[in-house]
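> What follows is my_file08.cif, mmCIF, C-alpha atoms.
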```
data_final
#
loop_
_atom_site.label_atom_id
_atom_site.label_comp_id
_atom_site.auth_asym_id
_atom_site.auth_seq_id
_atom_site.Cartn_x
_atom_site.Cartn_y
_atom_site.Cartn_z
CA MET A 1 -15.28 -27.18 1.84
CA THR A 2 -17.33 -23.97 1.88
CA GLU A 3 -17.31 -21.65 4.90
CA ARG A 4 -19.75 -18.88 5.68
CA LEU A 5 -18.51 -15.35 6.03
CA PRO A 6 -18.55 -14.34 9.69
CA GLU A 7 -22.09 -13.57 10.82
CA TRP A 8 -20.96 -10.27 12.32
CA PRO A 9 -18.98 -8.42 9.61
CA LEU A 10 -16.33 -6.92 11.85
CA PHE A 11 -13.94 -7.39 8.94
CA GLY A 12 -15.74 -4.47 7.30
CA LEU A 13 -14.64 -2.00 9.96
CA ALA A 14 -11.18 -1.89 8.36
CA GLU A 15 -11.05 0.94 5.83
CA ASP A 16 -7.36 0.41 5.03
CA VAL A 17 -6.65 -3.14 3.83
CA ARG A 18 -2.85 -2.72 3.72
CA PRO A 19 -2.27 -4.21 7.20
CA ALA A 20 -4.31 -7.31 6.36
CA LEU A 21 -2.67 -7.68 2.96
CA ARG A 22 0.76 -7.43 4.51
CA ALA A 23 -0.07 -9.87 7.31
CA ALA A 24 -1.28 -12.50 4.85
CA LEU A 25 1.67 -12.13 2.49
CA GLU A 26 4.23 -12.20 5.31
CA ALA A 27 2.60 -15.40 6.53
CA GLY A 28 3.25 -16.89 3.10
CA GLU A 29 -0.40 -16.85 2.04
CA PRO A 30 -1.38 -15.76 -1.46
CA THR A 31 -4.28 -13.32 -1.33
CA ALA A 32 -7.03 -12.01 -3.55
CA LEU A 33 -7.30 -8.23 -3.71
CA ALA A 34 -10.69 -6.89 -4.77
CA THR A 35 -10.93 -3.27 -5.96
CA ILE A 36 -13.92 -1.24 -7.13
CA VAL A 37 -12.63 -0.01 -10.49
CA ALA A 38 -15.85 1.36 -11.99
CA LEU A 39 -18.97 2.78 -10.41
CA ASP A 40 -22.14 4.13 -11.96
CA GLY A 41 -25.25 5.45 -10.27
CA GLY A 42 -23.72 6.05 -6.87
CA GLY A 43 -23.16 3.28 -4.36
CA PRO A 44 -22.38 2.75 -0.69
CA ARG A 45 -18.60 2.65 -1.27
CA PRO A 46 -16.44 4.94 -3.43
CA LEU A 47 -14.23 4.14 -6.38
CA GLY A 48 -10.99 2.50 -5.28
CA THR A 49 -12.49 0.75 -2.24
CA GLN A 50 -10.74 -2.54 -1.59
CA MET A 51 -11.18 -5.86 0.17
CA VAL A 52 -8.63 -8.59 0.91
CA PHE A 53 -9.29 -12.33 1.07
CA ALA A 54 -6.89 -15.04 2.23
CA ARG A 55 -7.21 -18.50 3.72
CA HIS A 56 -7.42 -17.28 7.32
CA LEU A 57 -8.28 -13.64 6.80
CA VAL A 58 -10.78 -11.23 5.31
CA SER A 59 -10.67 -7.44 5.60
CA GLY A 60 -12.61 -4.50 4.21
CA PHE A 61 -16.03 -4.28 2.58
CA LEU A 62 -17.36 -3.32 -0.84
CA SER A 63 -21.07 -2.70 -0.29
CA GLY A 64 -23.70 -2.84 2.40
CA GLY A 65 -23.49 -6.64 2.43
CA CYS A 66 -24.96 -7.18 -1.03
CA LEU A 67 -21.79 -8.42 -2.76
CA GLU A 68 -19.21 -9.60 -0.26
CA ALA A 69 -20.15 -13.30 -0.14
CA ASP A 70 -20.24 -13.62 -3.91
CA VAL A 71 -16.93 -11.79 -4.33
CA ALA A 72 -15.41 -14.07 -1.69
CA GLY A 73 -16.44 -17.12 -3.67
CA HIS A 74 -14.77 -15.77 -6.82
CA ALA A 75 -11.71 -14.81 -4.75
CA THR A 76 -11.04 -18.45 -3.97
CA GLY A 77 -10.89 -19.27 -7.66
CA VAL A 78 -8.57 -16.34 -8.34
CA ILE A 79 -6.21 -17.44 -5.56
CA GLU A 80 -6.13 -21.00 -6.90
CA SER A 81 -5.87 -20.20 -10.62
CA GLY A 82 -3.93 -16.95 -10.54
CA ARG A 83 -6.20 -15.58 -13.26
CA PRO A 84 -7.65 -12.11 -12.54
CA LEU A 85 -11.36 -11.49 -12.98
CA ARG A 86 -13.65 -8.53 -13.45
CA LEU A 87 -16.99 -8.86 -11.71
CA ILE A 88 -19.98 -6.74 -12.70
CA TYR A 89 -22.96 -6.22 -10.40
CA GLY A 90 -26.06 -4.24 -11.23
CA GLU A 91 -26.91 -3.31 -14.82
CA GLY A 92 -25.31 -5.75 -17.25
CA SER A 93 -24.44 -8.28 -14.57
CA PRO A 94 -24.67 -12.02 -15.29
CA TRP A 95 -26.15 -12.40 -11.77
CA PRO A 96 -29.48 -10.52 -11.87
CA ASP A 97 -30.54 -12.03 -8.56
CA ILE A 98 -27.63 -10.32 -6.75
CA ARG A 99 -29.07 -6.84 -6.45
CA LEU A 100 -27.71 -3.63 -5.03
CA MET A 101 -30.42 -1.82 -3.11
CA CYS A 102 -28.88 1.52 -4.12
CA GLY A 103 -29.39 0.68 -7.80
CA ALA A 104 -25.70 1.20 -8.64
CA ARG A 105 -23.58 -0.63 -11.18
CA VAL A 106 -20.31 -1.79 -9.65
CA GLU A 107 -17.31 -3.30 -11.41
CA ILE A 108 -14.73 -5.08 -9.27
CA LEU A 109 -11.25 -6.23 -10.25
CA LEU A 110 -10.06 -9.38 -8.47
CA GLU A 111 -6.34 -10.13 -8.64
CA ARG A 112 -4.03 -12.63 -6.97
CA ILE A 113 -1.17 -11.15 -4.94
CA ALA A 114 1.57 -13.65 -4.15
CA PRO A 115 4.09 -13.43 -1.27
CA ALA A 116 7.13 -11.34 -2.22
CA ASP A 117 5.14 -9.47 -4.87
CA GLU A 118 7.40 -6.60 -5.92
CA ALA A 119 4.65 -3.97 -6.13
CA ALA A 120 3.19 -4.99 -2.77
CA ASP A 121 6.62 -4.88 -1.11
CA ARG A 122 7.12 -1.39 -2.51
CA LEU A 123 3.71 -0.34 -1.20
CA PHE A 124 4.56 -1.59 2.30
CA ALA A 125 7.91 0.23 2.26
CA LEU A 126 6.23 3.51 1.33
CA THR A 127 3.60 2.91 4.01
CA GLU A 128 6.35 2.50 6.62
CA ALA A 129 7.94 5.75 5.42
CA ARG A 130 4.57 7.56 5.65
CA ALA A 131 4.86 8.53 1.99
CA PRO A 132 1.89 8.70 -0.42
CA ALA A 133 2.00 5.82 -2.89
CA LEU A 134 0.50 5.33 -6.33
CA TRP A 135 -0.61 1.76 -7.12
CA LEU A 136 -1.27 0.70 -10.71
CA SER A 137 -2.77 -2.62 -11.73
CA ASP A 138 -4.73 -4.22 -14.51
CA GLY A 139 -5.01 -7.50 -12.62
CA ALA A 140 -2.18 -9.23 -14.45
CA ARG A 141 0.51 -6.57 -14.04
CA ARG A 142 1.20 -4.27 -11.09
CA ALA A 143 3.47 -1.37 -10.25
CA CYS A 144 3.83 0.92 -7.24
CA GLY A 145 5.89 3.98 -6.52
CA PRO A 146 5.97 7.26 -4.59
CA LEU A 147 3.49 9.86 -5.69
CA ASP A 148 6.23 12.39 -6.40
CA SER A 149 7.95 9.89 -8.72
CA PRO A 150 5.18 7.57 -9.87
CA PRO A 151 5.59 4.55 -12.13
CA PRO A 152 4.44 5.06 -15.72
CA GLY A 153 0.92 3.95 -16.51
CA TRP A 154 -0.29 1.74 -19.32
CA PRO A 155 -3.62 1.15 -21.08
CA GLY A 156 -6.17 -0.59 -18.89
CA ALA A 157 -4.35 0.02 -15.61
CA PHE A 158 -6.35 1.22 -12.62
CA ARG A 159 -4.68 3.86 -10.47
CA LYS A 160 -5.17 4.02 -6.71
CA LEU A 161 -3.69 6.53 -4.31
CA TYR A 162 -2.62 5.26 -0.89
CA GLU A 163 -2.11 7.95 1.72
CA PRO A 164 -0.24 7.46 5.00
CA ARG A 165 -2.32 6.09 7.85
CA PRO A 166 -4.06 8.98 9.64
CA ARG A 167 -2.55 9.85 12.99
CA LEU A 168 -4.24 11.30 16.07
CA VAL A 169 -2.31 12.88 18.93
CA VAL A 170 -4.30 13.64 22.11
CA LEU A 171 -2.68 15.69 24.86
CA GLY A 172 -4.33 15.15 28.23
CA GLY A 173 -5.36 12.50 30.69
CA ASP A 174 -8.94 13.22 31.76
CA PRO A 175 -11.94 11.11 30.69
CA ALA A 176 -12.61 13.26 27.61
CA ALA A 177 -9.01 12.80 26.42
CA LEU A 178 -9.24 9.05 27.03
CA ALA A 179 -12.52 8.92 25.09
CA MET A 180 -10.94 10.80 22.16
CA ALA A 181 -7.99 8.42 22.07
CA THR A 182 -10.26 5.39 22.30
CA LEU A 183 -12.39 6.58 19.38
CA GLY A 184 -9.23 7.26 17.40
CA VAL A 185 -8.08 3.67 17.82
CA GLN A 186 -11.52 2.31 16.96
CA ALA A 187 -11.58 4.44 13.80
CA GLY A 188 -8.30 2.90 12.65
CA TRP A 189 -6.07 5.88 13.38
CA GLU A 190 -2.52 5.57 14.67
CA THR A 191 -3.22 7.09 18.08
CA PHE A 192 -0.93 8.69 20.66
CA LEU A 193 -1.84 9.88 24.14
CA VAL A 194 0.56 12.46 25.59
CA ARG A 195 0.31 13.10 29.31
CA PRO A 196 3.41 14.99 30.51
CA ARG A 197 4.69 13.66 33.82
CA GLY A 198 1.76 11.25 33.87
CA PRO A 199 1.67 7.72 35.33
CA SER A 200 4.60 5.49 34.46
CA GLY A 201 2.30 2.91 32.91
CA PRO A 202 0.08 3.45 29.86
CA PRO A 203 -3.72 3.65 30.11
CA PRO A 204 -5.47 0.25 29.88
CA ILE A 205 -6.68 0.93 26.35
CA SER A 206 -5.43 -1.38 23.61
CA GLY A 207 -3.79 0.24 20.62
CA ILE A 208 -2.76 3.57 22.17
CA ALA A 209 0.88 4.68 22.18
CA TYR A 210 1.64 6.55 25.40
CA ARG A 211 4.24 9.27 25.99
CA ARG A 212 5.11 11.19 29.19
CA GLU A 213 7.51 13.86 27.89
CA ASP A 214 6.81 17.57 27.82
CA PRO A 215 4.61 18.57 24.87
CA ALA A 216 7.30 19.92 22.54
CA GLU A 217 9.55 16.92 23.06
CA ALA A 218 6.71 14.42 22.68
CA LEU A 219 5.31 16.03 19.53
CA ALA A 220 8.76 16.23 17.96
CA ALA A 221 9.33 12.54 18.67
CA ILE A 222 5.97 11.56 17.20
CA GLY A 223 6.34 13.74 14.11
CA LEU A 224 3.53 15.98 12.91
CA ASP A 225 2.99 15.53 9.19
CA ALA A 226 0.12 16.45 6.89
CA TRP A 227 -1.82 13.34 7.93
CA THR A 228 -1.74 14.14 11.66
CA ALA A 229 -4.43 15.69 13.88
CA VAL A 230 -3.60 17.16 17.30
CA ALA A 231 -6.22 17.56 20.04
CA VAL A 232 -5.04 19.54 23.09
CA ALA A 233 -7.07 18.81 26.22
CA SER A 234 -4.76 19.01 29.23
CA HIS A 235 -6.74 21.54 31.34
CA ASP A 236 -3.35 23.11 32.13
CA ALA A 237 -2.66 26.49 30.55
CA ASP A 238 1.12 26.05 30.47
CA LEU A 239 0.93 22.58 28.90
CA ASP A 240 -1.70 23.73 26.40
CA HIS A 241 0.48 26.70 25.46
CA ALA A 242 3.56 24.51 24.99
CA ALA A 243 1.63 22.02 22.86
CA LEU A 244 0.03 24.69 20.66
CA THR A 245 3.27 26.57 20.04
CA ALA A 246 4.74 23.29 18.77
CA ALA A 247 1.71 22.03 16.84
CA LEU A 248 0.35 25.13 15.08
CA PRO A 249 3.48 25.86 12.96
CA SER A 250 3.71 22.17 11.99
CA LYS A 251 2.27 20.38 8.95
CA ALA A 252 -0.54 18.83 11.03
CA PHE A 253 -3.81 19.29 9.15
CA TYR A 254 -5.80 19.80 12.36
CA VAL A 255 -4.95 21.45 15.68
CA GLY A 256 -7.71 21.95 18.25
CA ALA A 257 -7.84 22.85 21.92
CA LEU A 258 -10.38 22.64 24.69
CA GLY A 259 -11.32 25.98 26.20
CA ALA A 260 -14.05 28.53 26.60
CA ARG A 261 -14.72 30.79 23.63
CA ARG A 262 -14.39 33.87 25.83
CA ARG A 263 -10.71 32.96 26.46
CA THR A 264 -9.83 32.86 22.76
CA PRO A 265 -8.47 36.45 22.58
CA GLU A 266 -6.24 35.85 25.60
CA ARG A 267 -4.94 32.56 24.17
CA ASN A 268 -4.29 34.13 20.78
CA ALA A 269 -2.34 36.94 22.42
CA TRP A 270 -0.14 34.37 24.20
CA LEU A 271 0.51 32.57 20.95
CA ALA A 272 1.37 35.80 19.14
CA ALA A 273 3.76 36.77 21.95
CA ALA A 274 5.45 33.37 21.50
CA GLY A 275 6.21 34.31 17.91
CA LEU A 276 3.49 32.44 16.02
CA SER A 277 2.22 34.06 12.85
CA ALA A 278 -1.36 35.19 12.40
CA GLU A 279 -1.77 32.44 9.80
CA ASP A 280 -0.65 29.78 12.28
CA ILE A 281 -2.94 31.11 15.02
CA ALA A 282 -5.90 31.19 12.64
CA ARG A 283 -5.53 27.42 12.14
CA LEU A 284 -6.48 26.74 15.77
CA ARG A 285 -9.88 25.12 16.31
CA SER A 286 -11.18 26.28 19.66
CA PRO A 287 -13.51 25.50 21.27
CA ILE A 288 -12.60 22.07 19.97
CA GLY A 289 -15.07 19.89 18.09
CA LEU A 290 -18.40 20.37 16.35
CA ASP A 291 -21.12 22.02 18.41
CA ILE A 292 -23.42 19.09 19.21
CA GLY A 293 -24.56 20.48 22.56
CA GLY A 294 -22.92 17.85 24.77
CA LYS A 295 -20.21 17.99 27.42
CA ALA A 296 -19.95 14.39 28.62
CA PRO A 297 -16.63 12.66 27.76
CA TRP A 298 -18.01 10.56 24.91
CA GLU A 299 -19.99 13.50 23.56
CA VAL A 300 -16.87 15.65 23.49
CA ALA A 301 -14.92 12.83 21.84
CA ILE A 302 -17.58 12.31 19.17
CA ALA A 303 -17.66 16.05 18.45
CA VAL A 304 -13.88 16.21 18.13
CA LEU A 305 -13.54 13.13 15.91
CA ALA A 306 -16.38 14.39 13.73
CA GLU A 307 -14.67 17.75 13.22
CA ILE A 308 -11.33 16.07 12.50
CA THR A 309 -12.96 13.69 10.01
CA ASP A 310 -14.69 16.57 8.27
CA LEU A 311 -11.43 18.48 7.83
CA ARG A 312 -9.56 15.33 6.83
CA ASN A 313 -12.00 14.56 4.05
CA ALA A 314 -11.73 18.12 2.78
CA ALA A 315 -7.94 17.90 2.92
CA ARG A 316 -7.99 14.57 1.07
CA THR A 317 -10.07 16.09 -1.72
CA ARG A 318 -7.61 18.97 -2.08
CA PHE A 319 -4.71 16.52 -2.02
CA GLU A 320 -6.24 14.41 -4.78
CA VAL A 321 -6.87 17.50 -6.90
CA ALA A 322 -3.26 18.63 -6.43
CA ALA A 323 -2.08 15.13 -7.33
CA GLY A 324 -4.17 15.04 -10.49
CA ARG A 325 -6.85 12.80 -8.96
CA PRO A 326 -4.85 9.58 -9.42
CA ILE A 327 -7.82 7.30 -8.91
CA GLY A 328 -9.41 5.50 -11.81
CA GLU A 329 -8.63 3.84 -15.11
CA GLY A 330 -5.38 4.62 -16.84
CA GLY A 331 -7.03 4.56 -20.27
CA GLY A 332 -7.66 1.93 -22.87
CA PRO A 333 -9.58 -1.34 -22.69
CA PRO A 334 -8.98 -4.00 -20.04
CA ARG A 335 -6.34 -6.60 -20.83
CA LYS A 336 -7.61 -9.56 -22.78
CA ASP A 337 -6.18 -11.94 -20.17
CA VAL A 338 -8.34 -10.32 -17.45
CA HIS A 339 -11.61 -12.15 -17.93
CA ASP A 340 -15.15 -11.22 -17.04
CA ALA A 341 -16.46 -13.79 -14.62
CA PRO A 342 -18.81 -16.22 -16.37
CA ALA A 343 -22.41 -16.44 -15.23
CA PRO A 344 -22.71 -19.44 -12.91
CA ASP A 345 -25.78 -21.63 -12.72
CA ARG A 346 -28.66 -20.55 -10.51
CA ALA A 347 -27.75 -22.94 -7.69
CA ARG A 348 -24.29 -21.36 -7.51
CA ARG A 349 -25.76 -17.84 -7.52
CA SER A 350 -28.19 -18.59 -4.74
CA ASP A 351 -25.57 -20.26 -2.58
CA ALA A 352 -23.11 -17.39 -3.06
CA ARG A 353 -25.33 -14.88 -1.34
CA THR A 354 -24.80 -16.50 2.03
CA LYS A 355 -21.57 -18.44 1.68
CA ALA A 356 -18.00 -17.89 0.62
CA SER A 357 -15.56 -20.60 -0.35
CA LEU A 358 -12.55 -19.30 1.52
CA ARG A 359 -11.41 -21.90 3.97
CA GLY A 360 -10.73 -21.19 7.61
CA TYR A 361 -10.93 -17.39 7.84
CA ALA A 362 -14.34 -17.17 9.49
#
```
Could you render the structure as structure tokens?

Amino acid sequence: MTERLPEWPLFGLAEDVRPALRAALEAGEPTALATIVALDGGGPRPLGTQMVFARHLVSGFLSGGCLEADVAGHATGVIESGRPLRLIYGEGSPWPDIRLMCGARVEILLERIAPADEAADRLFALTEARAPALWLSDGARRACGPLDSPPPGWPGAFRKLYEPRPRLVVLGGDPAALAMATLGVQAGWETFLVRPRGPSGPPPISGIAYRREDPAEALAAIGLDAWTAVAVASHDADLDHAALTAALPSKAFYVGALGARRRTPERNAWLAAAGLSAEDIARLRSPIGLDIGGKAPWEVAIAVLAEITDLRNAARTRFEVAAGRPIGEGGGPPRKDVHDAPAPDRARRSDARTKASLRGYA
């Protein structure tokens, strides 16, 4: 039986496929993991982008909709046979009628991940510990370990860096703070809303973790690591001060606060009097967010999330440079038991553009 991919590709909103991969494997379902392992001429998605396919699940996306249905069809065969495949789209592809509008050449590795896979279990453990992980695979063999003690590579292995899930902490309870937290959840961030002495019940927004403690206590309990952004928007000078004195000396990659620009010298003087260094104070982003000329709650939230995203991408680039850019081939030719997908007949190619043969996940 052949099922269509969902008409509305909400599965493509997931940038991180680890939750879907884990859910499928813990349910006892073997999965197909698709990874972009080579890219030439640009493309809508970067090297290392992944997609997960299982019987009742699909997550992630690899293009602007040009490839997903065809990859899904091959994924079914990989799940059933256990044999990894390399799929080539664009120049040199056996499917010339599957075209990428961007003109790129994309090579995708499809591999079967079985429940209790040792490398996958190690990846999930490192994810829980919020530790960067290095994943190596050639489709037939996999390894995973912490970035500071990575597994040795081998010829033909593709390396992918997994960072901890980004975390957003919003301090406040007004509509702008609620809009920031809502956008954080929708963007896939682990999102906390801190409203000291706020209502006993959480806000009616799915996916938000709510805390009522004073700022220092709440931030210490959450934990501010290098993958955390803090947005201070309480409209209370004492609460803002308490939050900033806790957040600015931390490892958080972003700390911003609502407030008029004319009050910046006064705020900085308070922070200096509290013992913060000039370097810590200089990290503060205030007024918070990019200047897009809007003050409505959603406009403020968009400006803040845009600024956080901009800094996060810059921080990720620096992190990859410091880590030796562990994304890409490990050297040497692909394994001989990882086969290029054969060119199917024209009827199969035509059908694959609109259908996928994964059962029951639509």
> Take the point (-23.2, 0.2, -7.7) in the file's coordinates, draw a sphere of radius 6 Å around it, and report as a ChimeraX atom specification every protein, DNA or RNA residue with an atom inside or on it, counting only C-alpha atoms.
/A:39-40,42-43,104-106
> Residues as selected, C-alpha atoms, written as a PDB file, in the coordinates of the input, can you do that?

```
ATOM      1  CA  LEU A  39     -18.970   2.780 -10.410  1.00  0.00           C
ATOM      2  CA  ASP A  40     -22.140   4.130 -11.960  1.00  0.00           C
ATOM      3  CA  GLY A  42     -23.720   6.050  -6.870  1.00  0.00           C
ATOM      4  CA  GLY A  43     -23.160   3.280  -4.360  1.00  0.00           C
ATOM      5  CA  ALA A 104     -25.700   1.200  -8.640  1.00  0.00           C
ATOM      6  CA  ARG A 105     -23.580  -0.630 -11.180  1.00  0.00           C
ATOM      7  CA  VAL A 106     -20.310  -1.790  -9.650  1.00  0.00           C
TER       8      VAL A 106
END
```
> Evaluated on this file, the PyMOL selection byres ((chain A and resi 49) around 6) picks out some residues - which ones are they, written as a list in words?
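On the file shown, the PyMOL selection byres ((chain A and resi 49) around 6) covers Thr35, Ile36, Pro46, Leu47, Gly48 and Gln50 of chain A.
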> Calculate how many Å separate CA of Glu217 (chain A) from CA of Gly188 (chain A), rounding to one decimal.
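According to the coordinates, CA of Glu217 (chain A) and CA of Gly188 (chain A) are separated by 25.0 Å.
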> Expand the PyMOL selection byres ((chain A and resi 123) around 8) into the individual residues it matches in the shown file, reporting them as a list in words.
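So the PyMOL selection byres ((chain A and resi 123) around 8), applied here, picks out Ala119, Ala120, Asp121, Arg122, Phe124, Ala125, Leu126, Thr127, Ala133, Trp135, Cys144 and Gly145 of chain A.
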> So, counting only C-alpha atoms, which residue among A:Ala216, A:Ala14, A:Leu85, A:Ile308 is closest to Arg167 (chain A)?
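Result for the nearest residue to Arg167 (chain A): A:Ile308.
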> Could you tell me, as a PDB file with C-alpha atoms, in the frame of the given file, exactly which residues end up selected when the PyMOL selection byres ((chain A and resi 232) around 9) is applied to this structure?

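Once everything was written out, this is result36.pdb:
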```pdb
ATOM      1  CA  VAL A 169      -2.310  12.880  18.930  1.00  0.00           C
ATOM      2  CA  VAL A 170      -4.300  13.640  22.110  1.00  0.00           C
ATOM      3  CA  LEU A 171      -2.680  15.690  24.860  1.00  0.00           C
ATOM      4  CA  GLY A 172      -4.330  15.150  28.230  1.00  0.00           C
ATOM      5  CA  ALA A 177      -9.010  12.800  26.420  1.00  0.00           C
ATOM      6  CA  VAL A 230      -3.600  17.160  17.300  1.00  0.00           C
ATOM      7  CA  ALA A 231      -6.220  17.560  20.040  1.00  0.00           C
ATOM      8  CA  ALA A 233      -7.070  18.810  26.220  1.00  0.00           C
ATOM      9  CA  SER A 234      -4.760  19.010  29.230  1.00  0.00           C
ATOM     10  CA  HIS A 235      -6.740  21.540  31.340  1.00  0.00           C
ATOM     11  CA  LEU A 239       0.930  22.580  28.900  1.00  0.00           C
ATOM     12  CA  ASP A 240      -1.700  23.730  26.400  1.00  0.00           C
ATOM     13  CA  ALA A 243       1.630  22.020  22.860  1.00  0.00           C
ATOM     14  CA  LEU A 244       0.030  24.690  20.660  1.00  0.00           C
ATOM     15  CA  VAL A 255      -4.950  21.450  15.680  1.00  0.00           C
ATOM     16  CA  GLY A 256      -7.710  21.950  18.250  1.00  0.00           C
ATOM     17  CA  ALA A 257      -7.840  22.850  21.920  1.00  0.00           C
ATOM     18  CA  LEU A 258     -10.380  22.640  24.690  1.00  0.00           C
ATOM     19  CA  ILE A 288     -12.600  22.070  19.970  1.00  0.00           C
TER      20      ILE A 288
END
```
> Within 12 Å of (8.1, 16.2, 26.1) (coordinates as in the file), grab all the protein and nucleic acid residues, counting only C-alpha atoms, and write them out as a PDB file with C-alpha atoms, in the coordinates of the input.

```
ATOM      1  CA  LEU A 171      -2.680  15.690  24.860  1.00  0.00           C
ATOM      2  CA  LEU A 193      -1.840   9.880  24.140  1.00  0.00           C
ATOM      3  CA  VAL A 194       0.560  12.460  25.590  1.00  0.00           C
ATOM      4  CA  ARG A 195       0.310  13.100  29.310  1.00  0.00           C
ATOM      5  CA  PRO A 196       3.410  14.990  30.510  1.00  0.00           C
ATOM      6  CA  ARG A 197       4.690  13.660  33.820  1.00  0.00           C
ATOM      7  CA  GLY A 198       1.760  11.250  33.870  1.00  0.00           C
ATOM      8  CA  TYR A 210       1.640   6.550  25.400  1.00  0.00           C
ATOM      9  CA  ARG A 211       4.240   9.270  25.990  1.00  0.00           C
ATOM     10  CA  ARG A 212       5.110  11.190  29.190  1.00  0.00           C
ATOM     11  CA  GLU A 213       7.510  13.860  27.890  1.00  0.00           C
ATOM     12  CA  ASP A 214       6.810  17.570  27.820  1.00  0.00           C
ATOM     13  CA  PRO A 215       4.610  18.570  24.870  1.00  0.00           C
ATOM     14  CA  ALA A 216       7.300  19.920  22.540  1.00  0.00           C
ATOM     15  CA  GLU A 217       9.550  16.920  23.060  1.00  0.00           C
ATOM     16  CA  ALA A 218       6.710  14.420  22.680  1.00  0.00           C
ATOM     17  CA  LEU A 219       5.310  16.030  19.530  1.00  0.00           C
ATOM     18  CA  ALA A 220       8.760  16.230  17.960  1.00  0.00           C
ATOM     19  CA  ALA A 221       9.330  12.540  18.670  1.00  0.00           C
ATOM     20  CA  ILE A 222       5.970  11.560  17.200  1.00  0.00           C
ATOM     21  CA  LEU A 239       0.930  22.580  28.900  1.00  0.00           C
ATOM     22  CA  ALA A 242       3.560  24.510  24.990  1.00  0.00           C
ATOM     23  CA  ALA A 243       1.630  22.020  22.860  1.00  0.00           C
ATOM     24  CA  ALA A 246       4.740  23.290  18.770  1.00  0.00           C
TER      25      ALA A 246
END
```
> With a distance cut-off of 10 Å and all atoms listed in the file, select the neighbouring residues of region 18-22 of chain A, excluding the residue or stretch itself and same-chain residues fewer than 6 positions from it, and output the selection as a PyMOL selection string.
chain A and resi 11+28-33+50-54+57-60+113+115+120-121+123-124+127+162+165
> Name the closest residue to Ala27 (chain A) among the candidates A:Arg283, A:Arg267, A:Arg130, A:Arg55; distances are taken between atoms, counting all atoms listed in the file.
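When distances to Ala27 (chain A) are compared using all atoms listed in the file, the smallest one comes from A:Arg55.
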> List the spatial neighbours of Ile302 (chain A) as a list of chain:residue names - criterion: any atom at most 9 Å away, all atoms listed in the file, same-chain residues fewer than 6 positions off excluded.
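My list of contacting residues is A:Ala179, A:Met180, A:Leu183, A:Gly289, A:Leu290, A:Ile292.
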> What does the structure give for the distance between CA of Pro297 (chain A) and CA of Trp270 (chain A), in Å to one decimal?
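Result for CA of Pro297 (chain A) versus CA of Trp270 (chain A): 27.5 Å, one decimal.
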> Counting only C-alpha atoms, which residue out of A:Ala114, A:Leu147, A:Ala252, A:Ala303 sits closest to Ala131 (chain A)?
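With only C-alpha atoms as the atom set, the closest residue is A:Leu147.
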> At what distance in Å, to one decimal, does CA of Glu7 (chain A) lie from CA of Trp95 (chain A)?
23.0 Å
> Rank nothing, just name the residue among A:Gly293, A:Gly153, A:Gly275, A:Gly73 nearest to Thr245 (chain A), using only C-alpha atoms.
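So, comparing all the options, the nearest one is A:Gly275.
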> Can you pull out every residue within 10 Å of Ser206 (chain A), counting only C-alpha atoms, but drop anything in the same chain fewer than 5 positions away, and send it as a PyMOL selection string?
chain A and resi 182+185-186
